[in-house]
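Structure data (PDB, C-alpha atoms, pLDDT in the B column) from upload_17.pdb:
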```pdb
ATOM      1  CA  MET A   1      19.545 -18.011   7.948  1.00 39.00           C
ATOM      2  CA  GLU A   2      17.080 -15.307   9.011  1.00 44.00           C
ATOM      3  CA  GLU A   3      19.002 -14.795  12.268  1.00 43.00           C
ATOM      4  CA  ASP A   4      22.006 -13.646  10.208  1.00 46.00           C
ATOM      5  CA  VAL A   5      20.171 -10.798   8.480  1.00 49.00           C
ATOM      6  CA  PRO A   6      20.000  -8.391  11.469  1.00 56.00           C
ATOM      7  CA  ALA A   7      23.653  -9.086  12.303  1.00 57.00           C
ATOM      8  CA  ALA A   8      24.711  -8.540   8.693  1.00 55.00           C
ATOM      9  CA  ALA A   9      22.587  -5.394   8.477  1.00 63.00           C
ATOM     10  CA  SER A  10      24.209  -4.046  11.640  1.00 68.00           C
ATOM     11  CA  ARG A  11      27.657  -4.380   9.979  1.00 83.00           C
ATOM     12  CA  TYR A  12      26.496  -2.459   6.917  1.00 90.00           C
ATOM     13  CA  GLN A  13      28.031   0.993   6.531  1.00 92.00           C
ATOM     14  CA  PRO A  14      25.352   3.354   5.135  1.00 94.00           C
ATOM     15  CA  ALA A  15      26.056   4.944   1.767  1.00 94.00           C
ATOM     16  CA  SER A  16      24.518   8.236   2.908  1.00 95.00           C
ATOM     17  CA  PRO A  17      24.719  10.574   5.858  1.00 95.00           C
ATOM     18  CA  PRO A  18      22.077  10.141   8.594  1.00 96.00           C
ATOM     19  CA  ARG A  19      18.526  10.938   7.434  1.00 96.00           C
ATOM     20  CA  ASP A  20      18.450  14.366   9.132  1.00 95.00           C
ATOM     21  CA  SER A  21      21.693  15.373   7.365  1.00 96.00           C
ATOM     22  CA  CYS A  22      20.497  14.496   3.843  1.00 97.00           C
ATOM     23  CA  ALA A  23      19.389  17.107   1.316  1.00 96.00           C
ATOM     24  CA  TYR A  24      15.604  16.969   1.645  1.00 97.00           C
ATOM     25  CA  SER A  25      12.633  18.899   0.339  1.00 96.00           C
ATOM     26  CA  SER A  26       9.118  17.649   1.055  1.00 95.00           C
ATOM     27  CA  CYS A  27       7.285  16.390  -2.065  1.00 95.00           C
ATOM     28  CA  TYR A  28      10.463  16.424  -4.209  1.00 97.00           C
ATOM     29  CA  CYS A  29      11.428  12.759  -3.719  1.00 97.00           C
ATOM     30  CA  GLU A  30      12.923  12.508  -7.231  1.00 98.00           C
ATOM     31  CA  GLU A  31      15.357  15.333  -6.408  1.00 98.00           C
ATOM     32  CA  ASN A  32      16.049  14.006  -2.901  1.00 98.00           C
ATOM     33  CA  VAL A  33      17.150  10.701  -4.446  1.00 98.00           C
ATOM     34  CA  TRP A  34      19.150  12.520  -7.145  1.00 98.00           C
ATOM     35  CA  LYS A  35      21.002  14.325  -4.334  1.00 98.00           C
ATOM     36  CA  LEU A  36      21.640  10.995  -2.559  1.00 97.00           C
ATOM     37  CA  CYS A  37      23.097   9.584  -5.799  1.00 98.00           C
ATOM     38  CA  GLU A  38      25.276  12.678  -6.138  1.00 97.00           C
ATOM     39  CA  TYR A  39      26.480  12.266  -2.531  1.00 97.00           C
ATOM     40  CA  ILE A  40      27.376   8.599  -3.123  1.00 97.00           C
ATOM     41  CA  LYS A  41      29.218   9.475  -6.329  1.00 97.00           C
ATOM     42  CA  ASN A  42      31.223  12.257  -4.645  1.00 97.00           C
ATOM     43  CA  ARG A  43      31.995  10.251  -1.521  1.00 95.00           C
ATOM     44  CA  ASP A  44      33.223   7.210  -3.472  1.00 90.00           C
ATOM     45  CA  GLN A  45      32.597   4.834  -0.549  1.00 92.00           C
ATOM     46  CA  TYR A  46      30.653   2.397  -2.728  1.00 94.00           C
ATOM     47  CA  PRO A  47      30.740   1.919  -6.502  1.00 94.00           C
ATOM     48  CA  LEU A  48      27.948   3.981  -8.047  1.00 95.00           C
ATOM     49  CA  GLU A  49      26.992   0.900 -10.109  1.00 95.00           C
ATOM     50  CA  GLU A  50      25.664  -0.684  -6.890  1.00 96.00           C
ATOM     51  CA  CYS A  51      23.058   2.080  -6.510  1.00 97.00           C
ATOM     52  CA  PHE A  52      19.747   2.640  -8.279  1.00 98.00           C
ATOM     53  CA  ALA A  53      16.976   5.229  -8.320  1.00 98.00           C
ATOM     54  CA  VAL A  54      13.635   3.423  -8.062  1.00 98.00           C
ATOM     55  CA  PHE A  55      10.474   5.147  -9.299  1.00 97.00           C
ATOM     56  CA  ILE A  56       7.355   3.518  -7.866  1.00 96.00           C
ATOM     57  CA  SER A  57       4.119   4.187  -9.723  1.00 93.00           C
ATOM     58  CA  ASN A  58       1.451   2.313 -11.699  1.00 86.00           C
ATOM     59  CA  GLU A  59       0.048   2.079 -15.214  1.00 79.00           C
ATOM     60  CA  ARG A  60      -2.302   4.992 -14.520  1.00 74.00           C
ATOM     61  CA  LYS A  61       0.527   7.179 -13.125  1.00 69.00           C
ATOM     62  CA  MET A  62      -1.892   8.155 -10.322  1.00 70.00           C
ATOM     63  CA  ASP A  63       0.979   9.019  -8.008  1.00 88.00           C
ATOM     64  CA  TYR A  64       4.621   8.149  -7.629  1.00 94.00           C
ATOM     65  CA  HIS A  65       7.412   7.892  -5.127  1.00 96.00           C
ATOM     66  CA  VAL A  66      11.186   7.571  -5.527  1.00 98.00           C
ATOM     67  CA  VAL A  67      13.649   5.721  -3.313  1.00 98.00           C
ATOM     68  CA  LEU A  68      17.310   4.754  -3.559  1.00 98.00           C
ATOM     69  CA  LEU A  69      18.273   1.079  -3.738  1.00 98.00           C
ATOM     70  CA  HIS A  70      21.777  -0.019  -2.789  1.00 97.00           C
ATOM     71  CA  VAL A  71      22.743  -3.571  -3.763  1.00 95.00           C
ATOM     72  CA  SER A  72      25.993  -3.988  -1.854  1.00 89.00           C
ATOM     73  CA  SER A  73      28.764  -6.267  -3.071  1.00 86.00           C
ATOM     74  CA  ASP A  74      28.171  -8.656  -0.151  1.00 82.00           C
ATOM     75  CA  GLY A  75      24.730  -9.432  -1.571  1.00 81.00           C
ATOM     76  CA  GLN A  76      22.603  -7.339   0.789  1.00 88.00           C
ATOM     77  CA  SER A  77      20.153  -4.786  -0.560  1.00 94.00           C
ATOM     78  CA  PHE A  78      19.022  -1.669   1.280  1.00 97.00           C
ATOM     79  CA  ILE A  79      16.344   0.935   0.550  1.00 97.00           C
ATOM     80  CA  TYR A  80      16.896   4.606   1.362  1.00 98.00           C
ATOM     81  CA  ASP A  81      13.522   6.337   1.728  1.00 98.00           C
ATOM     82  CA  LEU A  82      13.545   9.810   3.240  1.00 97.00           C
ATOM     83  CA  ASP A  83       9.727   9.822   3.557  1.00 96.00           C
ATOM     84  CA  THR A  84       9.122   6.774   5.735  1.00 94.00           C
ATOM     85  CA  VAL A  85       9.110   5.872   9.406  1.00 95.00           C
ATOM     86  CA  LEU A  86      11.047   2.715   8.541  1.00 96.00           C
ATOM     87  CA  PRO A  87      14.788   2.615   9.294  1.00 96.00           C
ATOM     88  CA  PHE A  88      17.122   4.638   7.074  1.00 97.00           C
ATOM     89  CA  PRO A  89      18.592   2.700   5.360  1.00 97.00           C
ATOM     90  CA  CYS A  90      16.187  -0.223   5.618  1.00 97.00           C
ATOM     91  CA  PRO A  91      17.046  -3.812   4.659  1.00 96.00           C
ATOM     92  CA  PHE A  92      15.298  -4.531   1.349  1.00 96.00           C
ATOM     93  CA  ASP A  93      13.200  -7.462   2.572  1.00 93.00           C
ATOM     94  CA  THR A  94      11.979  -5.534   5.632  1.00 95.00           C
ATOM     95  CA  TYR A  95      11.094  -2.515   3.493  1.00 95.00           C
ATOM     96  CA  VAL A  96       9.177  -4.590   0.942  1.00 93.00           C
ATOM     97  CA  GLU A  97       7.272  -6.465   3.618  1.00 91.00           C
ATOM     98  CA  ASP A  98       6.374  -3.370   5.673  1.00 92.00           C
ATOM     99  CA  ALA A  99       5.861  -0.810   2.891  1.00 91.00           C
ATOM    100  CA  PHE A 100       4.285  -2.810   0.068  1.00 85.00           C
ATOM    101  CA  LYS A 101       2.527  -5.840   1.546  1.00 72.00           C
ATOM    102  CA  SER A 102       0.812  -7.509  -1.430  1.00 70.00           C
ATOM    103  CA  ASP A 103      -0.745  -6.397  -4.702  1.00 71.00           C
ATOM    104  CA  ASP A 104      -3.418  -9.118  -4.511  1.00 72.00           C
ATOM    105  CA  ASP A 105      -6.189  -6.778  -3.339  1.00 73.00           C
ATOM    106  CA  ILE A 106      -5.288  -3.952  -5.738  1.00 75.00           C
ATOM    107  CA  HIS A 107      -7.020  -3.550  -9.111  1.00 75.00           C
ATOM    108  CA  PRO A 108      -4.485  -4.483 -11.871  1.00 73.00           C
ATOM    109  CA  GLN A 109      -4.254  -0.968 -13.354  1.00 73.00           C
ATOM    110  CA  PHE A 110      -3.308   0.415  -9.917  1.00 74.00           C
ATOM    111  CA  ARG A 111      -0.743  -2.242  -8.996  1.00 81.00           C
ATOM    112  CA  ARG A 112       2.675  -0.853  -8.282  1.00 88.00           C
ATOM    113  CA  LYS A 113       5.443  -1.058 -10.810  1.00 94.00           C
ATOM    114  CA  PHE A 114       9.086  -0.177 -10.319  1.00 96.00           C
ATOM    115  CA  ARG A 115      11.349   1.625 -12.771  1.00 97.00           C
ATOM    116  CA  VAL A 116      14.905   0.856 -11.664  1.00 98.00           C
ATOM    117  CA  ILE A 117      17.617   3.140 -13.090  1.00 98.00           C
ATOM    118  CA  ARG A 118      21.331   2.862 -12.385  1.00 97.00           C
ATOM    119  CA  ALA A 119      22.462   5.850 -10.321  1.00 98.00           C
ATOM    120  CA  ASP A 120      25.057   6.949 -12.885  1.00 97.00           C
ATOM    121  CA  LEU A 121      22.387   7.065 -15.621  1.00 97.00           C
ATOM    122  CA  TYR A 122      19.985   8.870 -13.296  1.00 98.00           C
ATOM    123  CA  LEU A 123      22.567  11.557 -12.532  1.00 98.00           C
ATOM    124  CA  LYS A 124      23.339  11.923 -16.238  1.00 97.00           C
ATOM    125  CA  HIS A 125      19.804  11.960 -17.691  1.00 97.00           C
ATOM    126  CA  PHE A 126      17.262  13.166 -15.102  1.00 98.00           C
ATOM    127  CA  ALA A 127      15.952  16.736 -15.467  1.00 98.00           C
ATOM    128  CA  SER A 128      13.150  18.649 -13.757  1.00 97.00           C
ATOM    129  CA  ASP A 129      12.109  22.259 -14.119  1.00 97.00           C
ATOM    130  CA  ARG A 130       9.683  21.654 -11.200  1.00 97.00           C
ATOM    131  CA  SER A 131       6.704  22.799 -13.302  1.00 96.00           C
ATOM    132  CA  HIS A 132       4.706  19.814 -11.989  1.00 94.00           C
ATOM    133  CA  MET A 133       4.838  21.450  -8.556  1.00 96.00           C
ATOM    134  CA  LYS A 134       3.048  24.637  -9.627  1.00 96.00           C
ATOM    135  CA  ASP A 135      -0.697  25.146  -9.649  1.00 95.00           C
ATOM    136  CA  SER A 136      -2.656  26.639 -12.549  1.00 95.00           C
ATOM    137  CA  SER A 137      -1.866  30.162 -11.273  1.00 96.00           C
ATOM    138  CA  GLY A 138       1.881  29.463 -11.199  1.00 95.00           C
ATOM    139  CA  ASN A 139       2.111  29.243  -7.401  1.00 97.00           C
ATOM    140  CA  TRP A 140       4.211  26.555  -5.713  1.00 97.00           C
ATOM    141  CA  ARG A 141       2.214  23.678  -4.225  1.00 95.00           C
ATOM    142  CA  GLU A 142       5.213  23.031  -1.965  1.00 95.00           C
ATOM    143  CA  PRO A 143       8.297  25.226  -1.536  1.00 96.00           C
ATOM    144  CA  PRO A 144      11.023  24.226  -4.050  1.00 97.00           C
ATOM    145  CA  PRO A 145      14.469  23.007  -2.987  1.00 97.00           C
ATOM    146  CA  PRO A 146      17.020  25.775  -2.347  1.00 96.00           C
ATOM    147  CA  TYR A 147      19.367  24.702  -5.159  1.00 97.00           C
ATOM    148  CA  PRO A 148      18.874  25.300  -8.925  1.00 97.00           C
ATOM    149  CA  CYS A 149      16.691  22.995 -11.005  1.00 97.00           C
ATOM    150  CA  ILE A 150      18.372  19.790 -12.175  1.00 98.00           C
ATOM    151  CA  GLU A 151      18.892  19.812 -15.939  1.00 96.00           C
ATOM    152  CA  THR A 152      21.018  18.123 -18.565  1.00 95.00           C
ATOM    153  CA  GLY A 153      22.470  19.349 -21.842  1.00 93.00           C
ATOM    154  CA  ASP A 154      19.536  17.664 -23.604  1.00 92.00           C
ATOM    155  CA  SER A 155      16.619  18.430 -21.308  1.00 95.00           C
ATOM    156  CA  LYS A 156      15.157  20.785 -18.750  1.00 96.00           C
ATOM    157  CA  MET A 157      12.178  18.492 -17.964  1.00 97.00           C
ATOM    158  CA  ASN A 158      11.872  14.751 -18.512  1.00 97.00           C
ATOM    159  CA  LEU A 159      10.294  13.628 -15.229  1.00 96.00           C
ATOM    160  CA  ASN A 160       7.394  11.942 -17.039  1.00 94.00           C
ATOM    161  CA  ASP A 161       9.841   9.576 -18.782  1.00 95.00           C
ATOM    162  CA  PHE A 162      10.887   8.342 -15.336  1.00 96.00           C
ATOM    163  CA  ILE A 163       7.369   8.152 -13.870  1.00 95.00           C
ATOM    164  CA  SER A 164       6.112   6.230 -16.920  1.00 94.00           C
ATOM    165  CA  MET A 165       5.881   2.492 -16.361  1.00 94.00           C
ATOM    166  CA  ASN A 166       6.022   1.825 -20.106  1.00 93.00           C
ATOM    167  CA  PRO A 167       9.269  -0.152 -20.587  1.00 94.00           C
ATOM    168  CA  ALA A 168       9.693   1.368 -24.065  1.00 94.00           C
ATOM    169  CA  VAL A 169      10.030   4.864 -22.574  1.00 92.00           C
ATOM    170  CA  GLY A 170      12.893   6.348 -20.599  1.00 92.00           C
ATOM    171  CA  TRP A 171      15.785   4.661 -18.815  1.00 96.00           C
ATOM    172  CA  GLY A 172      16.211   1.562 -16.728  1.00 97.00           C
ATOM    173  CA  ALA A 173      14.041  -1.532 -16.425  1.00 97.00           C
ATOM    174  CA  VAL A 174      10.400  -1.781 -15.288  1.00 97.00           C
ATOM    175  CA  TYR A 175       9.358  -4.539 -12.870  1.00 96.00           C
ATOM    176  CA  THR A 176       6.130  -5.707 -11.252  1.00 93.00           C
ATOM    177  CA  LEU A 177       6.250  -6.022  -7.454  1.00 92.00           C
ATOM    178  CA  SER A 178       6.953  -9.764  -7.628  1.00 91.00           C
ATOM    179  CA  GLU A 179       9.666  -9.277 -10.285  1.00 95.00           C
ATOM    180  CA  PHE A 180      11.247  -6.484  -8.212  1.00 95.00           C
ATOM    181  CA  VAL A 181      11.309  -8.667  -5.088  1.00 93.00           C
ATOM    182  CA  HIS A 182      12.647 -11.663  -7.030  1.00 93.00           C
ATOM    183  CA  ARG A 183      15.413  -9.553  -8.625  1.00 94.00           C
ATOM    184  CA  PHE A 184      16.634  -7.669  -5.544  1.00 93.00           C
ATOM    185  CA  GLY A 185      15.322  -9.554  -2.481  1.00 89.00           C
ATOM    186  CA  SER A 186      16.996 -12.290  -0.524  1.00 80.00           C
ATOM    187  CA  GLU A 187      16.389 -15.989  -1.058  1.00 55.00           C
ATOM    188  CA  HIS A 188      13.604 -15.849   1.556  1.00 43.00           C
ATOM    189  CA  TYR A 189      11.137 -14.790  -1.121  1.00 39.00           C
TER     190      TYR A 189
END
```

Let's see the structure in the file written out as structure tokens.
Amino acid sequence: MEEDVPAAASRYQPASPPRDSCAYSSCYCEENVWKLCEYIKNRDQYPLEECFAVFISNERKMDYHVVLLHVSSDGQSFIYDLDTVLPFPCPFDTYVEDAFKSDDDIHPQFRRKFRVIRADLYLKHFASDRSHMKDSSGNWREPPPPYPCIETGDSKMNLNDFISMNPAVGWGAVYTLSEFVHRFGSEHY
């Protein structure tokens, strides 16, 4: 069965433009993924319900990263990560194996968790005024994206609700690494 995965992956039509044509701003992964979701919605190549924003963090919220997950109707899952050297898109199982390894050697409070939000809900509810990217003097830590801040009718800033790995907060479902792999990986796991 493993021999079929590369062949199946080679038939997959990416849901995004090539990596170097995507909207991208360094250190703004949550907005980069929001822009990917917007692209997929506008292009209408795949149903938006097949796509998810995935916030990767831990109980301590020490740091976070955001990727796009596409669970295609033929059962394959792909990760879109604009900040990796791995393929873009990358088959889910390859990404998990190469990017995450195991949580066994990580202290429990620092183990990765995954908040998985449907792309349509992410587009509707996510908001960031980018204040987290300013230092105490109000200077940008990294240059902001060239487009206006993403906001909703209800919020100008709710990023912490997405970074939080408390399942009672925010949108979507929160998984441990093993739950995430079991839910979206192939039968090889």

Report the closest atom pair, with its distance in Å rounded to one decimal, for each residue of segment 18-133 of chain A that has an atom no farther than 12 Å from segment 171-175 of chain A; count only C-alpha atoms, sort by chain and then rising residue number, and write it as a Markdown table.
```
| residue | atom | partner | partner_atom | distance |
| --- | --- | --- | --- | --- |
| A:Phe52 | CA | A:Gly172 | CA | 9.2 |
| A:Ala53 | CA | A:Gly172 | CA | 9.2 |
| A:Val54 | CA | A:Gly172 | CA | 9.2 |
| A:Phe55 | CA | A:Val174 | CA | 9.2 |
| A:Ile56 | CA | A:Val174 | CA | 9.6 |
| A:Ser57 | CA | A:Val174 | CA | 10.3 |
| A:Asn58 | CA | A:Val174 | CA | 10.5 |
| A:Glu59 | CA | A:Val174 | CA | 11.0 |
| A:Arg111 | CA | A:Tyr175 | CA | 11.1 |
| A:Arg112 | CA | A:Tyr175 | CA | 8.9 |
| A:Lys113 | CA | A:Tyr175 | CA | 5.6 |
| A:Phe114 | CA | A:Tyr175 | CA | 5.1 |
| A:Arg115 | CA | A:Val174 | CA | 4.3 |
| A:Val116 | CA | A:Gly172 | CA | 5.3 |
| A:Ile117 | CA | A:Gly172 | CA | 4.2 |
| A:Arg118 | CA | A:Gly172 | CA | 6.8 |
| A:Ala119 | CA | A:Gly172 | CA | 9.9 |
| A:Asp120 | CA | A:Gly172 | CA | 11.0 |
| A:Leu121 | CA | A:Trp171 | CA | 7.7 |
| A:Tyr122 | CA | A:Trp171 | CA | 8.1 |
| A:Leu123 | CA | A:Trp171 | CA | 11.5 |
| A:Lys124 | CA | A:Trp171 | CA | 10.8 |
| A:His125 | CA | A:Trp171 | CA | 8.4 |
| A:Phe126 | CA | A:Trp171 | CA | 9.4 |
```

Selected residues, C-alpha atoms, written as a compact mmCIF listing (two decimals), keeping the file's coordinate frame, please.
```
# COMPACT_ATOMS: atom_id res chain seq x y z
CA PHE A 52 19.75 2.64 -8.28
CA ALA A 53 16.98 5.23 -8.32
CA VAL A 54 13.64 3.42 -8.06
CA PHE A 55 10.47 5.15 -9.30
CA ILE A 56 7.36 3.52 -7.87
CA SER A 57 4.12 4.19 -9.72
CA ASN A 58 1.45 2.31 -11.70
CA GLU A 59 0.05 2.08 -15.21
CA ARG A 111 -0.74 -2.24 -9.00
CA ARG A 112 2.68 -0.85 -8.28
CA LYS A 113 5.44 -1.06 -10.81
CA PHE A 114 9.09 -0.18 -10.32
CA ARG A 115 11.35 1.62 -12.77
CA VAL A 116 14.90 0.86 -11.66
CA ILE A 117 17.62 3.14 -13.09
CA ARG A 118 21.33 2.86 -12.38
CA ALA A 119 22.46 5.85 -10.32
CA ASP A 120 25.06 6.95 -12.88
CA LEU A 121 22.39 7.06 -15.62
CA TYR A 122 19.98 8.87 -13.30
CA LEU A 123 22.57 11.56 -12.53
CA LYS A 124 23.34 11.92 -16.24
CA HIS A 125 19.80 11.96 -17.69
CA PHE A 126 17.26 13.17 -15.10
```

Surrounding residues of Met157 of chain A excluding itself and chain neighbours under 2 positions, 9 Å, all atoms listed in the file, as a ChimeraX atom specification: /A:126-131,150-152,155,159-160

Taking all atoms of segment 125-135 of chain A that the file lists, what box with edges along x, y and z, padded by 8 Å per side, do you get, with centre and edge lengths in Å to one decimal, as lines of an AutoDock Vina configuration file?
```
center_x = 9.6
center_y = 18.6
center_z = -13.1
size_x = 36.5
size_y = 29.2
size_z = 25.1
```

task: Mind giving me the straight-line distance from atom CA of Leu86 of chain A to atom CA of Arg19 of chain A in Å, one decimal?
output: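 If I compute the distance from atom CA of Leu86 of chain A to atom CA of Arg19 of chain A, I get 11.2 Å.
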
task: Return the single residue from A:Asp74, A:Asp103, A:Asp83, A:Asp135 that is closest to Tyr12 of chain A, with distances computed using all atoms listed in the file.
output: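 Residue with the minimum atom-to-atom distance to Tyr12 of chain A: A:Asp74.
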
field: Residue members of the PyMOL selection byres ((chain A and resi 27-42) around 8) in the file shown, as a PyMOL selection string
entry: chain A and resi 15-16+22-26+43-48+51+53+65-68+82+119-120+122-123+142+144-145+150

field: Atom pair atom CA of Gln13 of chain A / atom CA of Phe100 of chain A: separation (Å)
entry: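 Value for the atom CA of Gln13 of chain A-atom CA of Phe100 of chain A distance: 24.9 Å.
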
- prompt: So how many Å separate atom CA of Leu69 of chain A and atom CA of Trp140 of chain A, to one decimal?
  reply: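 Result for atom CA of Leu69 of chain A versus atom CA of Trp140 of chain A: 29.2 Å, one decimal.
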
field: Selected residue of minimal separation from Phe162 of chain A among A:Tyr64, A:Ser77, A:Arg11, A:Asp93, counting only C-alpha atoms
entry: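 Using only C-alpha atoms, Phe162 of chain A sits closest to A:Tyr64.
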
message: I want to know what sits within 9 Å of Arg60 of chain A, based on all atoms listed in the file, with residues of the same chain fewer than 4 positions away left out; could you give that as an MDAnalysis selection string?
response: chainID A and resid 109:110 164:165

Can you write just those residues out, C-alpha atoms, as a short mmCIF file (atom, residue, chain, number, x, y, z; two decimals), keeping the file's coordinate frame?
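In the end it all went to result33.cif:
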```
data_model
loop_
_atom_site.label_atom_id
_atom_site.label_comp_id
_atom_site.auth_asym_id
_atom_site.auth_seq_id
_atom_site.Cartn_x
_atom_site.Cartn_y
_atom_site.Cartn_z
CA GLN A 109 -4.25 -0.97 -13.35
CA PHE A 110 -3.31 0.42 -9.92
CA SER A 164 6.11 6.23 -16.92
CA MET A 165 5.88 2.49 -16.36
#
```

query: Hey, can you pull every residue with an atom no more than 8 Å from (18.8, 1.4, 6.4), using only C-alpha atoms, and send it as a ChimeraX atom specification?
result: /A:14,78-80,87-91

- prompt: Looking at all atoms listed in the file, which of A:Gly138, A:Gly75, A:Pro148, A:Pro108 is the one that sits closest to Gly185 of chain A?
  reply: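 Checking each of A:Gly138, A:Gly75, A:Pro148, A:Pro108 against Gly185 of chain A, counting all atoms listed in the file, the winner is A:Gly75.
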
Can you complete the atoms of segment 125-141 of chain A to N, CA and C atoms and list them as a compact mmCIF listing (two decimals), keeping the file's coordinate frame?
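This is the output file part_13.txt:
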```
# COMPACT_ATOMS: atom_id res chain seq x y z
N HIS A 125 20.95 11.72 -16.82
CA HIS A 125 19.80 11.96 -17.69
C HIS A 125 18.60 12.64 -17.05
N PHE A 126 18.45 12.59 -15.73
CA PHE A 126 17.26 13.17 -15.10
C PHE A 126 17.27 14.69 -15.16
N ALA A 127 16.10 15.28 -15.46
CA ALA A 127 15.95 16.74 -15.47
C ALA A 127 14.55 17.11 -15.00
N SER A 128 14.46 18.16 -14.20
CA SER A 128 13.15 18.65 -13.76
C SER A 128 13.18 20.16 -13.61
N ASP A 129 12.25 20.81 -14.29
CA ASP A 129 12.11 22.26 -14.12
C ASP A 129 11.12 22.60 -13.01
N ARG A 130 10.60 21.54 -12.33
CA ARG A 130 9.68 21.65 -11.20
C ARG A 130 8.30 22.19 -11.58
N SER A 131 8.00 22.27 -12.87
CA SER A 131 6.70 22.80 -13.30
C SER A 131 5.54 21.96 -12.78
N HIS A 132 5.77 20.68 -12.53
CA HIS A 132 4.71 19.81 -11.99
C HIS A 132 4.31 20.20 -10.57
N MET A 133 5.12 21.04 -9.92
CA MET A 133 4.84 21.45 -8.56
C MET A 133 4.17 22.83 -8.47
N LYS A 134 3.76 23.35 -9.62
CA LYS A 134 3.05 24.64 -9.63
C LYS A 134 1.58 24.42 -9.94
N ASP A 135 0.72 25.23 -9.34
CA ASP A 135 -0.70 25.15 -9.65
C ASP A 135 -1.01 25.94 -10.90
N SER A 136 -2.28 25.99 -11.29
CA SER A 136 -2.66 26.64 -12.55
C SER A 136 -2.37 28.14 -12.55
N SER A 137 -2.20 28.74 -11.37
CA SER A 137 -1.87 30.16 -11.27
C SER A 137 -0.36 30.41 -11.21
N GLY A 138 0.43 29.32 -11.24
CA GLY A 138 1.88 29.46 -11.20
C GLY A 138 2.46 29.53 -9.80
N ASN A 139 1.64 29.23 -8.79
CA ASN A 139 2.11 29.24 -7.40
C ASN A 139 2.63 27.86 -7.02
N TRP A 140 3.65 27.82 -6.16
CA TRP A 140 4.21 26.56 -5.71
C TRP A 140 3.21 25.82 -4.83
N ARG A 141 3.03 24.53 -5.11
CA ARG A 141 2.21 23.68 -4.22
C ARG A 141 2.98 23.39 -2.95
```
